[in-house]
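> Quick one, run-v6.txt (compact mmCIF, C-alpha atoms and all ligand atoms):
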# COMPACT_ATOMS: atom_id res chain seq x y z
CA MET V 146 27.05 13.55 -16.15
CA LYS V 147 23.31 14.13 -15.74
CA SER V 148 21.42 16.02 -18.45
CA VAL V 149 18.76 18.20 -16.86
CA VAL V 150 15.67 19.85 -18.33
CA VAL V 151 14.47 22.85 -16.31
CA LEU V 152 10.84 23.81 -16.88
CA GLY V 153 10.00 27.20 -15.36
CA SER V 154 13.68 28.18 -15.46
CA THR V 155 13.02 31.92 -15.05
CA GLY V 156 11.15 31.61 -11.74
CA SER V 157 12.27 31.43 -8.13
CA ILE V 158 12.87 27.65 -8.12
CA GLY V 159 14.08 27.63 -11.74
CA THR V 160 16.84 30.20 -11.14
CA GLN V 161 17.94 28.46 -7.93
CA THR V 162 18.06 25.17 -9.83
CA LEU V 163 20.42 26.75 -12.35
CA GLU V 164 22.59 28.01 -9.46
CA VAL V 165 22.83 24.47 -8.13
CA ILE V 166 23.76 23.20 -11.60
CA ALA V 167 26.38 25.95 -12.05
CA CYS V 168 28.05 24.84 -8.80
CA ALA V 169 28.56 21.26 -10.04
CA PRO V 170 29.52 21.47 -13.73
CA GLU V 171 31.25 18.07 -13.50
CA ARG V 172 27.90 16.46 -12.60
CA PHE V 173 25.25 18.34 -14.54
CA ARG V 174 24.59 19.84 -17.92
CA VAL V 175 21.48 21.69 -19.04
CA ALA V 176 19.71 19.93 -21.92
CA ALA V 177 16.67 22.21 -22.21
CA LEU V 178 15.13 25.27 -20.62
CA ALA V 179 11.52 26.44 -20.72
CA ALA V 180 9.62 29.45 -19.42
CA HIS V 181 6.39 31.27 -20.17
CA SER V 182 7.17 34.78 -21.37
CA ASN V 183 10.36 36.14 -19.77
CA ASP V 184 12.42 36.29 -22.98
CA VAL V 185 15.09 38.57 -21.51
CA LEU V 186 16.04 36.25 -18.65
CA LEU V 187 15.68 33.13 -20.79
CA GLU V 188 18.11 34.61 -23.31
CA GLU V 189 20.67 35.24 -20.55
CA GLN V 190 20.21 31.67 -19.35
CA ILE V 191 20.69 30.33 -22.88
CA ARG V 192 24.01 32.20 -23.14
CA GLN V 193 25.21 30.93 -19.79
CA TYR V 194 24.01 27.31 -19.88
CA ARG V 195 23.96 26.57 -23.65
CA PRO V 196 20.99 24.18 -23.70
CA GLU V 197 20.19 22.26 -26.86
CA ILE V 198 16.64 23.57 -26.84
CA ALA V 199 14.86 26.49 -25.20
CA VAL V 200 11.15 27.18 -25.09
CA LEU V 201 8.90 30.15 -24.49
CA VAL V 202 5.28 29.09 -24.24
CA ASP V 203 3.99 32.58 -25.02
CA PRO V 204 4.18 33.03 -28.84
CA ASP V 205 4.82 36.80 -28.73
CA ALA V 206 7.71 36.39 -26.31
CA ALA V 207 9.05 33.52 -28.43
CA ASP V 208 8.91 35.79 -31.51
CA ARG V 209 10.78 38.56 -29.70
CA LEU V 210 13.54 36.16 -28.74
CA ALA V 211 13.72 34.54 -32.18
CA ARG V 212 14.22 37.96 -33.81
CA ARG V 213 17.24 38.75 -31.59
CA TYR V 214 18.87 35.41 -30.99
CA ARG V 215 21.64 34.10 -33.28
CA GLY V 216 23.08 31.06 -31.52
CA ARG V 217 23.03 27.29 -31.67
CA THR V 218 20.19 26.59 -29.25
CA VAL V 219 17.01 25.51 -31.05
CA LEU V 220 14.13 27.80 -30.04
CA LEU V 221 10.63 26.37 -29.70
CA SER V 222 7.34 27.93 -28.65
CA GLY V 223 3.86 27.14 -27.44
CA GLU V 224 2.53 24.16 -25.51
CA GLU V 225 4.03 21.79 -28.14
CA GLY V 226 7.46 23.27 -27.48
CA LEU V 227 7.02 22.80 -23.73
CA LEU V 228 5.99 19.16 -24.17
CA ALA V 229 8.93 18.56 -26.51
CA ALA V 230 11.33 19.92 -23.87
CA ALA V 231 9.67 17.79 -21.16
CA ALA V 232 10.10 14.63 -23.25
CA TYR V 233 13.50 15.57 -24.69
CA ALA V 234 15.35 12.39 -25.66
CA ASN V 235 18.79 13.55 -24.50
CA ALA V 236 17.66 14.29 -20.94
CA ASP V 237 17.99 12.15 -17.80
CA ILE V 238 15.83 14.16 -15.42
CA VAL V 239 13.20 16.87 -15.76
CA LEU V 240 12.86 19.45 -13.01
CA SER V 241 9.45 21.09 -13.19
CA ALA V 242 9.19 24.48 -11.53
CA ILE V 243 6.22 25.70 -13.52
CA VAL V 244 3.57 27.30 -11.34
CA GLY V 245 0.02 25.90 -11.23
CA PHE V 246 -2.09 23.41 -13.18
CA ALA V 247 -0.27 24.62 -16.32
CA GLY V 248 2.53 22.19 -15.40
CA LEU V 249 0.41 19.04 -15.53
CA ARG V 250 0.76 18.05 -19.18
CA ALA V 251 4.51 18.68 -19.14
CA ALA V 252 4.93 16.45 -16.07
CA LEU V 253 2.95 13.69 -17.77
CA ALA V 254 4.98 14.11 -20.98
CA ALA V 255 8.23 13.75 -19.01
CA LEU V 256 7.04 10.57 -17.29
CA ALA V 257 5.57 9.14 -20.50
CA ALA V 258 9.04 9.56 -22.05
CA GLY V 259 10.55 7.62 -19.13
CA LYS V 260 12.26 10.56 -17.41
CA ASP V 261 12.72 10.92 -13.67
CA LEU V 262 10.74 13.93 -12.48
CA ALA V 263 12.07 16.37 -9.88
CA LEU V 264 8.84 18.07 -8.94
CA ALA V 265 8.43 21.53 -7.46
CA ASN V 266 5.12 22.04 -9.25
CA LYS V 267 2.97 20.59 -6.46
CA GLU V 268 -0.30 21.64 -8.16
CA THR V 269 0.27 18.80 -10.64
CA LEU V 270 0.08 16.16 -7.89
CA VAL V 271 -2.81 17.89 -6.19
CA ALA V 272 -4.92 17.99 -9.34
CA ALA V 273 -3.96 14.63 -10.82
CA GLY V 274 -2.08 12.64 -8.17
CA GLN V 275 -3.57 9.31 -9.13
CA ILE V 276 -2.82 9.63 -12.84
CA VAL V 277 0.67 11.06 -12.35
CA THR V 278 1.79 8.45 -9.79
CA ALA V 279 0.27 5.58 -11.80
CA LEU V 280 2.19 6.70 -14.89
CA ALA V 281 5.42 6.97 -12.88
CA ARG V 282 4.93 3.41 -11.61
CA GLU V 283 4.14 2.10 -15.07
CA LYS V 284 7.23 3.75 -16.59
CA GLN V 285 9.38 2.96 -13.54
CA CYS V 286 10.34 6.60 -13.14
CA ARG V 287 11.00 8.40 -9.89
CA ILE V 288 9.08 11.43 -8.72
CA LEU V 289 11.57 13.28 -6.51
CA PRO V 290 10.13 16.05 -4.38
CA VAL V 291 11.67 19.52 -4.55
CA ASP V 292 9.26 20.96 -1.98
CA SER V 293 11.34 21.28 1.21
CA GLU V 294 8.86 19.43 3.45
CA HIS V 295 8.55 16.47 1.11
CA SER V 296 12.28 16.39 0.52
CA ALA V 297 12.65 16.23 4.31
CA ILE V 298 10.23 13.31 4.51
CA LEU V 299 12.02 11.47 1.71
CA GLN V 300 15.28 11.94 3.67
CA CYS V 301 13.67 10.72 6.93
CA LEU V 302 12.42 7.59 5.14
CA GLN V 303 15.79 6.47 3.79
CA GLY V 304 16.48 2.94 4.97
CA GLU V 305 13.09 2.67 6.70
CA LYS V 306 10.11 0.43 5.95
CA ARG V 307 7.11 2.38 4.66
CA SER V 308 4.80 -0.08 6.42
CA GLN V 309 6.24 1.04 9.79
CA VAL V 310 5.42 4.73 9.33
CA LYS V 311 2.85 5.89 11.87
CA LYS V 312 2.49 9.42 10.57
CA ILE V 313 4.05 12.23 8.63
CA ILE V 314 4.33 15.62 10.33
CA LEU V 315 4.52 18.48 7.84
CA THR V 316 5.88 21.65 9.36
CA ALA V 317 4.53 25.07 8.39
CA SER V 318 6.04 28.47 9.13
CA GLY V 319 2.54 29.90 9.66
CA GLY V 320 3.29 32.70 7.19
CA PRO V 321 3.22 36.45 7.83
CA PHE V 322 -0.21 36.37 9.52
CA ARG V 323 0.41 33.65 12.10
CA GLY V 324 -1.72 34.31 15.19
CA PHE V 325 -4.04 36.78 13.40
CA THR V 326 -7.78 36.63 14.01
CA SER V 327 -10.32 36.70 11.13
CA ASP V 328 -11.05 40.31 12.07
CA ARG V 329 -7.42 41.31 11.57
CA LEU V 330 -7.15 39.26 8.37
CA ARG V 331 -10.07 41.16 6.83
CA SER V 332 -7.91 44.24 6.37
CA VAL V 333 -4.47 42.84 5.52
CA THR V 334 -2.87 44.20 2.36
CA LEU V 335 -1.16 42.56 -0.57
CA GLU V 336 2.17 44.13 0.46
CA GLU V 337 1.92 42.62 3.94
CA CYS V 338 0.97 39.30 2.41
CA LEU V 339 4.03 39.28 0.16
CA GLN V 340 6.41 39.67 3.15
CA HIS V 341 7.04 36.03 4.00
CA PRO V 342 9.10 35.77 7.22
CA ASN V 343 11.44 32.93 6.11
CA TRP V 344 11.37 32.32 2.35
CA ARG V 345 11.70 34.41 -0.85
CA MET V 346 9.45 32.77 -3.42
CA GLY V 347 7.21 33.45 -6.42
CA ARG V 348 4.09 35.55 -5.78
CA LYS V 349 1.52 32.76 -6.01
CA ILE V 350 3.16 30.46 -3.45
CA THR V 351 3.83 33.45 -1.18
CA VAL V 352 0.10 34.19 -1.03
CA ASP V 353 -0.60 30.45 -0.63
CA SER V 354 1.75 30.41 2.37
CA ALA V 355 -0.15 33.26 4.01
CA THR V 356 -3.55 31.55 3.52
CA LEU V 357 -2.12 28.12 4.47
CA VAL V 358 -3.46 26.87 1.13
CA ASN V 359 0.17 26.03 0.41
CA LYS V 360 0.17 23.65 3.37
CA GLY V 361 -3.16 22.26 2.18
CA LEU V 362 -1.65 21.60 -1.25
CA GLU V 363 1.32 19.97 0.50
CA VAL V 364 -0.93 17.63 2.50
CA ILE V 365 -2.42 16.34 -0.77
CA GLU V 366 1.05 16.26 -2.37
CA ALA V 367 2.30 14.10 0.55
CA ARG V 368 -0.65 11.73 0.20
CA TRP V 369 0.43 10.91 -3.37
CA LEU V 370 4.21 11.08 -3.02
CA PHE V 371 4.31 8.74 -0.03
CA ASP V 372 1.11 6.73 -0.69
CA ILE V 373 -0.26 7.49 2.77
CA ASP V 374 -3.76 8.14 4.17
CA TYR V 375 -4.88 11.62 5.17
CA HIS V 376 -5.40 10.59 8.80
CA GLN V 377 -1.65 9.86 8.92
CA ILE V 378 -0.66 13.37 7.77
CA ASP V 379 -0.43 16.06 10.46
CA VAL V 380 0.50 19.72 10.13
CA LEU V 381 2.45 21.54 12.83
CA VAL V 382 3.28 25.24 12.85
CA HIS V 383 7.00 25.78 13.42
CA PRO V 384 7.77 29.47 12.88
CA GLN V 385 11.58 29.13 12.60
CA SER V 386 11.43 26.81 9.54
CA ILE V 387 14.47 24.86 10.74
CA ILE V 388 12.79 21.46 11.00
CA HIS V 389 11.55 20.90 7.45
CA SER V 390 9.28 17.96 8.39
CA MET V 391 9.29 14.74 10.42
CA VAL V 392 8.21 11.12 10.32
CA GLU V 393 6.91 9.24 13.35
CA PHE V 394 7.34 5.44 13.28
CA ASP V 395 5.40 2.60 14.92
CA ASP V 396 7.79 2.43 17.89
CA GLY V 397 7.30 6.13 18.72
CA ALA V 398 10.65 7.28 17.31
CA VAL V 399 10.48 10.54 15.36
CA ILE V 400 13.04 11.36 12.66
CA ALA V 401 13.35 14.97 11.52
CA GLN V 402 15.38 16.74 8.84
CA LEU V 403 16.84 20.13 9.75
CA GLY V 404 18.59 22.94 7.92
CA LEU V 405 18.40 26.64 7.22
CA PRO V 406 15.50 27.60 4.95
CA ASP V 407 17.29 27.53 1.58
CA MET V 408 15.63 25.84 -1.39
CA ARG V 409 18.96 25.00 -3.01
CA ILE V 410 19.34 22.09 -0.57
CA PRO V 411 16.11 20.22 -1.52
CA ILE V 412 16.59 21.14 -5.20
CA GLN V 413 20.07 19.64 -5.14
CA TYR V 414 18.93 16.52 -3.26
CA ALA V 415 16.28 15.88 -5.92
CA LEU V 416 18.96 16.15 -8.61
CA THR V 417 21.63 14.04 -6.86
CA TYR V 418 19.37 11.53 -5.05
CA PRO V 419 20.36 9.27 -3.36
CA ASP V 420 23.79 10.93 -3.24
CA ARG V 421 24.77 14.08 -1.39
CA ILE V 422 27.34 16.59 -2.64
CA ALA V 423 28.74 19.86 -1.26
CA SER V 424 26.33 22.79 -1.43
CA PRO V 425 26.85 26.56 -1.47
CA ALA V 426 23.88 27.00 0.91
CA PRO V 427 24.75 28.47 4.33
CA ARG V 428 25.16 25.98 7.18
CA LEU V 429 22.96 25.57 10.20
CA SER V 430 24.74 26.65 13.38
CA PHE V 431 23.05 25.45 16.55
CA ASN V 432 24.83 28.19 18.50
CA ASP V 433 22.67 30.75 16.68
CA ILE V 434 19.34 29.09 17.42
CA SER V 435 17.80 30.02 20.75
CA ALA V 436 14.58 28.01 20.42
CA LEU V 437 12.57 25.76 18.15
CA THR V 438 8.88 26.27 18.84
CA PHE V 439 5.67 24.55 17.74
CA GLU V 440 1.97 25.43 17.59
CA VAL V 441 -1.18 23.71 16.43
CA PRO V 442 -2.49 25.39 13.24
CA ASP V 443 -5.62 27.52 13.59
CA HIS V 444 -8.10 25.61 11.40
CA GLN V 445 -10.97 27.97 12.29
CA THR V 446 -9.24 31.04 10.86
CA PHE V 447 -6.93 29.67 8.15
CA LEU V 448 -9.44 27.70 6.14
CA GLY V 449 -6.92 26.76 3.45
CA LEU V 450 -5.98 23.71 5.50
CA PRO V 451 -9.37 22.18 6.44
CA LEU V 452 -10.67 22.78 2.90
CA ALA V 453 -7.68 20.84 1.52
CA TYR V 454 -8.28 17.90 3.88
CA ALA V 455 -11.96 17.90 2.84
CA ALA V 456 -11.03 17.98 -0.86
CA GLY V 457 -8.37 15.30 -0.44
CA LYS V 458 -10.55 12.93 1.60
CA THR V 459 -13.38 13.17 -0.94
CA GLY V 460 -10.89 12.76 -3.77
CA GLY V 461 -11.81 12.43 -7.45
CA THR V 462 -12.09 15.84 -9.12
CA LEU V 463 -12.42 17.81 -5.85
CA PRO V 464 -8.69 18.44 -5.18
CA CYS V 465 -8.38 19.67 -8.77
CA VAL V 466 -11.28 22.06 -8.14
CA TYR V 467 -9.75 23.23 -4.83
CA ASN V 468 -6.55 24.01 -6.68
CA ALA V 469 -8.16 25.74 -9.68
CA ALA V 470 -10.44 27.90 -7.51
CA ASN V 471 -7.40 28.91 -5.46
CA GLU V 472 -5.38 29.84 -8.57
CA VAL V 473 -8.21 32.11 -9.75
CA ALA V 474 -8.71 33.59 -6.28
CA VAL V 475 -4.99 34.28 -5.80
CA ASN V 476 -4.81 36.06 -9.17
CA ALA V 477 -7.83 38.15 -8.20
CA PHE V 478 -6.21 38.99 -4.86
CA LEU V 479 -2.90 39.85 -6.57
CA SER V 480 -4.70 42.23 -8.92
CA GLY V 481 -6.56 43.90 -6.05
CA LYS V 482 -10.02 42.60 -7.01
CA ILE V 483 -10.75 40.74 -3.77
CA GLY V 484 -9.60 40.79 -0.17
CA PHE V 485 -7.54 38.18 1.63
CA LEU V 486 -10.44 36.33 3.28
CA ASP V 487 -12.35 36.25 -0.02
CA ILE V 488 -9.79 33.70 -1.23
CA TYR V 489 -11.39 31.19 1.16
CA HIS V 490 -14.92 32.17 0.10
CA VAL V 491 -14.04 31.60 -3.56
CA ILE V 492 -12.56 28.15 -2.86
CA GLU V 493 -15.34 27.04 -0.51
CA THR V 494 -18.15 28.23 -2.81
CA THR V 495 -16.60 26.66 -5.90
CA MET V 496 -16.04 23.35 -4.09
CA GLY V 497 -19.62 23.47 -2.79
CA ARG V 498 -21.03 23.87 -6.32
CA HIS V 499 -19.00 21.04 -7.81
CA GLN V 500 -20.40 17.65 -8.72
CA VAL V 501 -17.53 15.33 -7.93
CA ALA V 502 -16.46 12.61 -10.37
CA LEU V 503 -14.66 9.96 -8.33
CA GLN V 504 -12.44 8.24 -10.93
CA PRO V 505 -11.59 11.02 -13.38
CA ASP V 506 -9.34 10.49 -16.37
CA LEU V 507 -7.12 13.31 -17.64
CA GLU V 508 -9.86 14.75 -19.82
CA ALA V 509 -12.30 14.83 -16.88
CA LEU V 510 -9.69 16.66 -14.79
CA VAL V 511 -9.07 19.22 -17.52
CA THR V 512 -12.84 19.75 -17.73
CA ALA V 513 -13.14 20.07 -13.93
CA ASP V 514 -10.27 22.55 -13.87
CA ALA V 515 -11.91 24.71 -16.56
CA TRP V 516 -15.30 24.47 -14.83
CA ALA V 517 -13.79 25.54 -11.50
CA ARG V 518 -11.99 28.50 -13.09
CA GLU V 519 -15.18 29.71 -14.72
CA THR V 520 -17.27 29.19 -11.58
CA ALA V 521 -14.71 30.95 -9.38
CA ALA V 522 -14.40 33.87 -11.82
CA ARG V 523 -18.18 34.28 -11.98
CA TYR V 524 -18.40 34.28 -8.19
CA ILE V 525 -15.67 36.93 -8.00
CA ASP V 526 -17.42 39.12 -10.59
CA ALA V 527 -20.65 38.89 -8.63
CA CYS V 528 -18.96 39.86 -5.33
P1 LIG F 1 7.58 31.64 -10.05
O1 LIG F 1 6.34 32.38 -10.30
O2 LIG F 1 8.75 32.35 -9.46
O3 LIG F 1 8.08 30.96 -11.42
C1 LIG F 1 7.19 30.25 -12.26
C2 LIG F 1 7.91 29.75 -13.48
O4 LIG F 1 6.99 29.03 -14.31
C3 LIG F 1 8.48 30.87 -14.36
O5 LIG F 1 9.64 30.38 -14.99
C4 LIG F 1 7.38 31.08 -15.40
O6 LIG F 1 7.85 31.65 -16.62
C5 LIG F 1 6.94 29.65 -15.60
N1 LIG F 1 5.57 29.53 -16.10
C6 LIG F 1 4.46 30.13 -15.61
N2 LIG F 1 3.38 29.74 -16.33
C7 LIG F 1 3.83 28.86 -17.25
C8 LIG F 1 3.21 28.13 -18.30
N3 LIG F 1 1.89 28.22 -18.54
N4 LIG F 1 3.98 27.33 -19.07
C9 LIG F 1 5.30 27.25 -18.86
N5 LIG F 1 5.96 27.92 -17.89
C10 LIG F 1 5.22 28.71 -17.11
O7 LIG F 1 7.17 30.38 -9.15
P2 LIG F 1 8.04 29.60 -8.07
O8 LIG F 1 9.38 29.27 -8.63
O9 LIG F 1 7.94 30.27 -6.75
O10 LIG F 1 7.20 28.25 -7.93
C11 LIG F 1 7.19 27.26 -8.93
C12 LIG F 1 6.54 26.00 -8.38
O11 LIG F 1 7.36 25.51 -7.32
C13 LIG F 1 5.16 26.23 -7.78
O12 LIG F 1 4.36 25.10 -8.01
C14 LIG F 1 5.44 26.37 -6.28
O13 LIG F 1 4.33 25.98 -5.50
C15 LIG F 1 6.60 25.39 -6.13
N6 LIG F 1 7.47 25.67 -4.98
C16 LIG F 1 8.13 26.86 -4.91
C17 LIG F 1 8.95 27.14 -3.82
C18 LIG F 1 9.74 28.42 -3.75
O14 LIG F 1 10.55 28.59 -2.83
N7 LIG F 1 9.59 29.35 -4.68
C19 LIG F 1 9.10 26.18 -2.72
C20 LIG F 1 8.39 24.95 -2.92
C21 LIG F 1 7.61 24.71 -4.01
P3 LIG F 1 7.90 33.28 -16.82
O15 LIG F 1 8.93 33.78 -15.84
O16 LIG F 1 8.34 33.42 -18.23
O17 LIG F 1 6.52 33.78 -16.54
MG MG F 2 6.92 23.65 0.94
How does the structure come out when it is put into structure tokens?
Ligand code: NDP
Ligand code: MG

Amino acid sequence: MKSVVVLGSTGSIGTQTLEVIACAPERFRVAALAAHSNDVLLEEQIRQYRPEIAVLVDPDAADRLARRYRGRTVLLSGEEGLLAAAAYANADIVLSAIVGFAGLRAALAALAAGKDLALANKETLVAAGQIVTALAREKQCRILPVDSEHSAILQCLQGEKRSQVKKIILTASGGPFRGFTSDRLRSVTLEECLQHPNWRMGRKITVDSATLVNKGLEVIEARWLFDIDYHQIDVLVHPQSIIHSMVEFDDGAVIAQLGLPDMRIPIQYALTYPDRIASPAPRLSFNDISALTFEVPDHQTFLGLPLAYAAGKTGGTLPCVYNAANEVAVNAFLSGKIGFLDIYHVIETTMGRHQVALQPDLEALVTADAWARETAARYIDAC
């Protein structure tokens, strides 16, 4: 029986993680749940999964829940509560589905406590890949990818020698604006942006998928998860999202992982690794697929990708700044303050103004993150 902590349990990945757990009660129990402010859903989850502890980071939401709730689960609040859940002694694995840089300290707390980390929160590896992977090595903990592309790569690498990998090919759906020119992108709306063709996800990653910043974040995530150079990571647009990613080896053989786009499969693999168990996700039927197609991404129009390679290759604090500027820009886009293409301007300008520190410690990354947020916000206000 594996005891699981789910951080970000009220979100898209968090709720699907709980579905996976509910389907295998003989294998999993929920030790702790944490969310930001959704007290209503967290309360339902507490009743269904009976964790030992549950956390709401937002103090007002935590107060609301504490006034209503009369059960056995211990309620905690604030950042301290989140870190306590992440490092909870009775847990075997921590699945982090928090969105953004806000997940970094919790991921570090889980690893510091010697827990395996099932990681959906890619921003953590983007901002602090070196520190996070070094801590995992030191504590001999696994970082198991939840992101479907990275889960695919992990599956393709089973039984293979890492030294014989020629390159990793990350697939990308291309998002709702695939094939659009910059002129067309200038006038796209938030509603159009939130209509992802293949996946239902949280709002931030849905916007990131449309800008291809999500794929940029995934390139940096792959660099750290698989300890591979940027020149060995390619991105290929594959609109059907059936091939979730591929690995090419020295002899020219390419191994791919396929399946319908359903996050419950990679979530479950991260929790059961290296085992596989039955899944409620629908099955891939090759009779229903007429074609699998591929395109080179348009780096001139979708700047999210080249900016990520630039940030990653420079390294140091720059990926953290890329991520922070994007988080601010996406929030501004979601609240109608800026247009779609302005997201790129915010990221590019903020990166351009940053003085990179090449070997940052955690404190330097937190400072760079705050600097980037302030710089991006000022640029947006001046627009
Ligand atoms: P959602 O926005 O749906 O959910 C985010 C979750 O994080 C919610 O539970 C939210 O709580 C919680 N949260 C937000 N801020 C904080 C905070 N400061 N402290 C603690 N908890 C917080 O996001 P997704 O599930 O879509 O994405 C989560 C992560 O997984 C992202 O990093 C994303 O890139 C990654 N991912 C998502 C995929 C998907 O299909 N959705 C696919 C691959 C990766 P509350 O509800 O209370 O606000
Ligand atoms: Mg992905």
> Can you pull out every residue with an atom within 6 Å of ligand MG 2 (chain F)? Use only C-alpha atoms and all ligand atoms and format it as number ranges by chain.
V: 292-294
> I'd like to know which of V:Cys338, V:Leu503, V:Ala474, V:Ala522 is closest to Gly461 in chain V, using all atoms listed in the file.
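Between V:Cys338, V:Leu503, V:Ala474, V:Ala522, the residue approaching Gly461 in chain V most closely is V:Leu503.
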> Enumerate, in order of chain and increasing residue number, the residues of chain V with an atom no farther than 6 Å from ligand LIG 1 (chain F), each with its shortest atom pair and distance in Å to one decimal, counting only C-alpha atoms and all ligand atoms, as a Markdown table.

| residue | atom | partner | partner_atom | distance |
| --- | --- | --- | --- | --- |
| V:Gly153 | CA | F:LIG1 | O5 | 3.2 |
| V:Ser154 | CA | F:LIG1 | O5 | 4.6 |
| V:Thr155 | CA | F:LIG1 | O5 | 3.7 |
| V:Gly156 | CA | F:LIG1 | O3 | 3.2 |
| V:Ser157 | CA | F:LIG1 | O8 | 3.6 |
| V:Ile158 | CA | F:LIG1 | O8 | 3.9 |
| V:Gly159 | CA | F:LIG1 | O8 | 5.9 |
| V:Ala180 | CA | F:LIG1 | O6 | 4.0 |
| V:His181 | CA | F:LIG1 | O16 | 3.5 |
| V:Ser182 | CA | F:LIG1 | O16 | 3.6 |
| V:Asn183 | CA | F:LIG1 | O16 | 3.7 |
| V:Val202 | CA | F:LIG1 | N4 | 5.6 |
| V:Ala242 | CA | F:LIG1 | C11 | 4.3 |
| V:Ile243 | CA | F:LIG1 | O4 | 3.5 |
| V:Val244 | CA | F:LIG1 | C13 | 4.0 |
| V:Gly245 | CA | F:LIG1 | O12 | 5.5 |
| V:Ala247 | CA | F:LIG1 | N3 | 4.7 |
| V:Ala265 | CA | F:LIG1 | O11 | 4.1 |
| V:Asn266 | CA | F:LIG1 | O12 | 3.4 |
| V:Lys267 | CA | F:LIG1 | O12 | 5.0 |
| V:Glu268 | CA | F:LIG1 | O12 | 5.8 |
| V:Asp292 | CA | F:LIG1 | C20 | 4.2 |
| V:Met346 | CA | F:LIG1 | N7 | 3.6 |
| V:Gly347 | CA | F:LIG1 | O9 | 3.3 |
| V:Arg348 | CA | F:LIG1 | O1 | 6.0 |
| V:Ile350 | CA | F:LIG1 | O13 | 5.1 |
| V:Met408 | CA | F:LIG1 | O14 | 6.0 |
> For a quick check of understanding, using all atoms listed in the file, which of V:Thr269, V:Gln413, V:Gln309, V:Thr326 has the smallest distance to Leu362 in chain V?
V:Thr269
> Need to verify the contact set: Glu366 in chain V, 10 Å, only C-alpha atoms, exclusion of same-chain residues closer than 2 positions in sequence. Can you return it as a VMD selection string?
chain V and resid 266 to 274 290 292 295 360 to 364 368 to 372 457
> Can you work out which one of V:His341, V:Lys349, V:Arg428, V:Lys147 has the shortest atom-to-atom distance to Pro384 in chain V, counting only C-alpha atoms?
V:His341
> Using all atoms listed in the file, which residues sit within 10 Å of Glu493 in chain V once same-chain residues fewer than 4 positions away are excluded, as a ChimeraX atom specification?
/V:448-449,452,466-467,470-471,487-489,497-498,521
> Please produce an output containing C-alpha atoms for each residue in the selection, written as an mmCIF file, in the frame of the given file.

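selection-v5.cif, written as the output of this step:
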data_model
loop_
_atom_site.group_PDB
_atom_site.id
_atom_site.type_symbol
_atom_site.label_atom_id
_atom_site.label_comp_id
_atom_site.auth_asym_id
_atom_site.auth_seq_id
_atom_site.Cartn_x
_atom_site.Cartn_y
_atom_site.Cartn_z
ATOM 1 C CA LEU V 448 -9.440 27.700 6.140
ATOM 2 C CA GLY V 449 -6.920 26.760 3.450
ATOM 3 C CA LEU V 452 -10.670 22.780 2.900
ATOM 4 C CA VAL V 466 -11.280 22.060 -8.140
ATOM 5 C CA TYR V 467 -9.750 23.230 -4.830
ATOM 6 C CA ALA V 470 -10.440 27.900 -7.510
ATOM 7 C CA ASN V 471 -7.400 28.910 -5.460
ATOM 8 C CA ASP V 487 -12.350 36.250 -0.020
ATOM 9 C CA ILE V 488 -9.790 33.700 -1.230
ATOM 10 C CA TYR V 489 -11.390 31.190 1.160
ATOM 11 C CA GLY V 497 -19.620 23.470 -2.790
ATOM 12 C CA ARG V 498 -21.030 23.870 -6.320
ATOM 13 C CA ALA V 521 -14.710 30.950 -9.380
#
> Find the residue from V:Gln300, V:Thr218, V:Arg192, V:Val310 that sits nearest to Asp420 in chain V; use only C-alpha atoms when measuring.
V:Gln300
> Between CA of Ala367 in chain V and CA of Gln445 in chain V, what distance in Å does the model show, to one decimal?
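Interatomic distance, CA of Ala367 in chain V to CA of Gln445 in chain V: 22.5 Å.
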> Near range 422-426 of chain V, within 7 Å and counting all atoms listed in the file, which residues show up once chain neighbours fewer than 6 positions away are dropped, as JSON, numbers by chain?
{"V": [407, 409, 410]}
> I need the residues from that last selection saved to file as a short mmCIF file (atom, residue, chain, number, x, y, z; two decimals), keeping the file's coordinate frame (with C-alpha atoms), if you can.

data_model
loop_
_atom_site.label_atom_id
_atom_site.label_comp_id
_atom_site.auth_asym_id
_atom_site.auth_seq_id
_atom_site.Cartn_x
_atom_site.Cartn_y
_atom_site.Cartn_z
CA ASP V 407 17.29 27.53 1.58
CA ARG V 409 18.96 25.00 -3.01
CA ILE V 410 19.34 22.09 -0.57
#
> Report, in Å with one decimal, the straight-line distance from CA of Ile412 in chain V to CA of Pro321 in chain V.
24.1 Å
> Report as a list in words all protein, DNA and RNA residues lying within 12 Å of Ala211 in chain V, evaluated on all atoms listed in the file, omitting residues in the same chain fewer than 6 positions from it.
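What passes the distance filter is Asp184, Val185, Leu187, Glu188, Ala199, Val200, Leu201, Pro204, Asp205, Arg217, Thr218, Val219, Leu220, Leu221 and Ser222 of chain V.
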> One number please: CA of Ile378 in chain V to CA of Ile313 in chain V, in Å, one decimal.
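Between CA of Ile378 in chain V and CA of Ile313 in chain V the gap works out to 4.9 Å.
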> List the neighbours of Trp344 in chain V out to 10 Å using only C-alpha atoms; skip same-chain residues closer than 4 positions along the sequence, and give me the result as a list in words.
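Close residues of Trp344 in chain V: Ser318, Gly320, Gln340, Thr351, Ser354, Ser386, Pro406, Asp407 and Met408 of chain V.
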> Choose the residue, out of V:Arg523, V:His383, V:Arg195, V:His499, that has the smallest atom-to-atom separation from Ala317 in chain V; count only C-alpha atoms.
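Comparing V:Arg523, V:His383, V:Arg195, V:His499 against Ala317 in chain V, the winner is V:His383.
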> Restricting the calculation to only C-alpha atoms, which member of V:Cys528, V:Thr417, V:Gln500, V:His444 is positioned closest to Gly484 in chain V?
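Closest candidate: V:Cys528.
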